[in-house]
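Single-structure report; data block below.
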Amino acid sequence: MFSKVNALIEAAVIAALAMALSLIPDFASWFTPSFGAVPLVLFSLRRGSKYGILAGLIWGLLHFILGRVYYLSLSQVLLEYILAFASMGLAGVLAAPLQKALRQKQKQKAFSLAFAAAFLAVSVRYFWHFLAGIIFWSSYAPKGMSPFYYSLLVNGSAGIITLLFVIISVLILLTVQSRFFLPEH
Ligand code: 218
C-alpha cells in the first residue's frame, strides 16, 4: 500500500516538522495560523494524497503523544485531531496534474493548481474545526454571539491566515525550486 520507502520517511519527517511548528505560539489561541500546514501541503503536492493523508494523520496523532490535545469529548477529538489533520493531505489530489504542468513548463497552470490544492486542504480542515466549533465550543462564545458566528469568526480567520502562509510558501518554492514537486525516487 505504501511501497515507496523514501516517501514514507519523508512523511514521518514532515509530520514531525509540522508538529514542531504547531508548538508556535506556545499558548492556546484559536485565532493563530497553523504553521504546520505549510510543510504538510508542500509535501502532499510532492507525494500525492495517499502519503499526504498519512503525514496529516501522524501529525494529528503526535498531538496525543505530546499531550497537546484539547479534549472536550471523544467525537470532538476524533473530528479535530484525526479527521481535520488527515484532511490536509487532500492537497495531494492535485499533485499529478501539478507535476504534469511543471514537466510541460506550464508555469501559470502550475501556480493555479498549487493554489487550488492549498485552498482545498486548508478549507476542508477548517470546515471540520468550524463544525466542531458550533457543536462543541459554543459555551466559549461571548455573551450574545451565536455559536455559528463565533465559530465562523474564530475558524474562518485562522483558516484564512493559514491559507495565506501556505500560498506564500507554495509561491516561493514553485519559483525558486520547482524540482521539489518532481521527486526522482
Ligand atoms: C470556536 C472554536 N474554538 C476552538 C476550536 C478548537 N480548535 C480550533 C482550531 C484548531 C484546532 C486543532 C488544534 O490546533 C482546535 C482543537 C474550535 N474548533 N472552534
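We name chains A, B, ... following the order of the C-alpha cells; residues begin at 1 in each chain, and ligands are numbered from 1 as shown.
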
Mind listing the helix (DSSP H, G or I) residues of stretch 4-115 of chain A, per DSSP on the backbone, as a VMD selection string?
chain A and resid 5 to 22 37 to 47 49 to 65 74 to 103 107 to 115

How would you write, as a ChimeraX atom specification, the set of residues no farther than 8 Å from ligand 1 when counting only C-alpha atoms and all ligand atoms?
/A:22,30-31,34,69-71,77,80-81,84,126,128-134,136-138,140-141,147,150-155,158

Would you list the contacts of A:Phe115 as a PyMOL selection string, taking every protein, DNA or RNA residue within 12 Å and counting only C-alpha atoms, but skipping same-chain residues closer than 3 positions in sequence?
chain A and resi 41-42+45+91-92+94-95+98+108-112+118-123+163-171+174

Using N, CA and C atoms, can you export the residues from the last selection as a CSV table (one decimal), in the first residue's frame?
chain,number,residue,atom,x,y,z
A,41,VAL,N,1.2,20.7,3.3
A,41,VAL,CA,0.7,20.9,1.9
A,41,VAL,C,1.8,20.8,0.9
A,42,LEU,N,3.0,21.3,1.2
A,42,LEU,CA,4.1,21.2,0.2
A,42,LEU,C,4.4,19.7,0.0
A,45,LEU,N,1.8,17.9,-2.1
A,45,LEU,CA,1.9,18.2,-3.6
A,45,LEU,C,3.1,17.5,-4.2
A,91,ALA,N,-4.6,18.0,-0.3
A,91,ALA,CA,-3.8,18.8,-1.3
A,91,ALA,C,-3.2,18.0,-2.4
A,92,GLY,N,-2.9,16.7,-2.0
A,92,GLY,CA,-2.2,15.8,-2.9
A,92,GLY,C,-3.0,15.3,-4.1
A,94,LEU,N,-4.1,17.0,-6.3
A,94,LEU,CA,-3.7,17.8,-7.4
A,94,LEU,C,-2.2,17.7,-7.7
A,95,ALA,N,-1.6,16.7,-7.0
A,95,ALA,CA,-0.1,16.5,-7.2
A,95,ALA,C,0.2,16.1,-8.7
A,98,LEU,N,-0.3,18.9,-11.2
A,98,LEU,CA,0.7,19.9,-11.0
A,98,LEU,C,2.1,19.4,-11.6
A,108,GLN,N,2.0,29.0,-15.4
A,108,GLN,CA,0.8,29.6,-14.9
A,108,GLN,C,-0.2,28.6,-14.4
A,109,LYS,N,-0.3,27.5,-15.1
A,109,LYS,CA,-1.2,26.4,-14.7
A,109,LYS,C,-0.7,25.7,-13.4
A,110,ALA,N,0.6,25.6,-13.3
A,110,ALA,CA,1.2,25.0,-12.1
A,110,ALA,C,0.8,25.9,-10.9
A,111,PHE,N,0.9,27.2,-11.0
A,111,PHE,CA,0.6,28.1,-9.9
A,111,PHE,C,-0.9,27.9,-9.5
A,112,SER,N,-1.8,27.9,-10.5
A,112,SER,CA,-3.2,27.8,-10.3
A,112,SER,C,-3.5,26.5,-9.6
A,118,ALA,N,-3.9,24.1,-2.1
A,118,ALA,CA,-3.8,24.8,-0.8
A,118,ALA,C,-5.1,25.1,-0.3
A,119,PHE,N,-5.9,25.7,-1.2
A,119,PHE,CA,-7.3,26.1,-0.8
A,119,PHE,C,-8.1,24.9,-0.3
A,120,LEU,N,-8.0,23.9,-1.1
A,120,LEU,CA,-8.8,22.6,-0.8
A,120,LEU,C,-8.4,22.1,0.6
A,121,ALA,N,-7.1,21.9,0.8
A,121,ALA,CA,-6.6,21.3,2.0
A,121,ALA,C,-7.0,22.2,3.3
A,122,VAL,N,-6.7,23.5,3.2
A,122,VAL,CA,-7.0,24.3,4.3
A,122,VAL,C,-8.5,24.5,4.6
A,123,SER,N,-9.3,24.6,3.5
A,123,SER,CA,-10.7,24.9,3.7
A,123,SER,C,-11.4,23.6,4.3
A,163,LEU,N,-4.1,29.8,5.2
A,163,LEU,CA,-4.0,29.7,3.8
A,163,LEU,C,-3.0,30.7,3.2
A,164,LEU,N,-3.0,31.9,3.7
A,164,LEU,CA,-2.1,32.9,3.3
A,164,LEU,C,-0.6,32.5,3.4
A,165,PHE,N,-0.3,31.9,4.6
A,165,PHE,CA,1.1,31.4,4.8
A,165,PHE,C,1.4,30.3,3.8
A,166,VAL,N,0.4,29.4,3.6
A,166,VAL,CA,0.7,28.2,2.7
A,166,VAL,C,0.9,28.7,1.3
A,167,ILE,N,0.0,29.7,0.8
A,167,ILE,CA,0.1,30.1,-0.5
A,167,ILE,C,1.4,30.9,-0.8
A,168,ILE,N,1.9,31.7,0.2
A,168,ILE,CA,3.1,32.4,0.0
A,168,ILE,C,4.3,31.3,-0.1
A,169,SER,N,4.2,30.3,0.7
A,169,SER,CA,5.3,29.3,0.7
A,169,SER,C,5.3,28.5,-0.6
A,170,VAL,N,4.1,28.2,-1.1
A,170,VAL,CA,4.0,27.4,-2.4
A,170,VAL,C,4.5,28.3,-3.5
A,171,LEU,N,4.2,29.6,-3.5
A,171,LEU,CA,4.6,30.5,-4.5
A,171,LEU,C,6.2,30.6,-4.5
A,174,LEU,N,7.7,27.1,-5.7
A,174,LEU,CA,7.5,26.9,-7.1
A,174,LEU,C,8.4,27.8,-7.9

Can you check which parts of stretch 21-58 of chain A lie within 7 Å of stretch 3-12 of chain A? Per residue, the shortest pair of atoms and distance in Å to one decimal, counting only C-alpha atoms, sorted by chain and number, as a Markdown table.
| residue | atom | partner | partner_atom | distance |
| --- | --- | --- | --- | --- |
| A:Arg47 | CA | A:Ala7 | CA | 6.8 |
| A:Tyr51 | CA | A:Ala11 | CA | 6.6 |
| A:Ala55 | CA | A:Ala11 | CA | 4.9 |

How about saving the chosen residues, C-alpha atoms kept, as a PDB file, in the first residue's frame?
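Final output, saved to out-v3.pdb:
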ATOM      1  CA  ARG A  47       3.992  12.862  -2.970  1.00  0.00           C
ATOM      2  CA  TYR A  51       1.227   9.881   1.571  1.00  0.00           C
ATOM      3  CA  ALA A  55       1.557  12.530   7.119  1.00  0.00           C
TER       4      ALA A  55
END
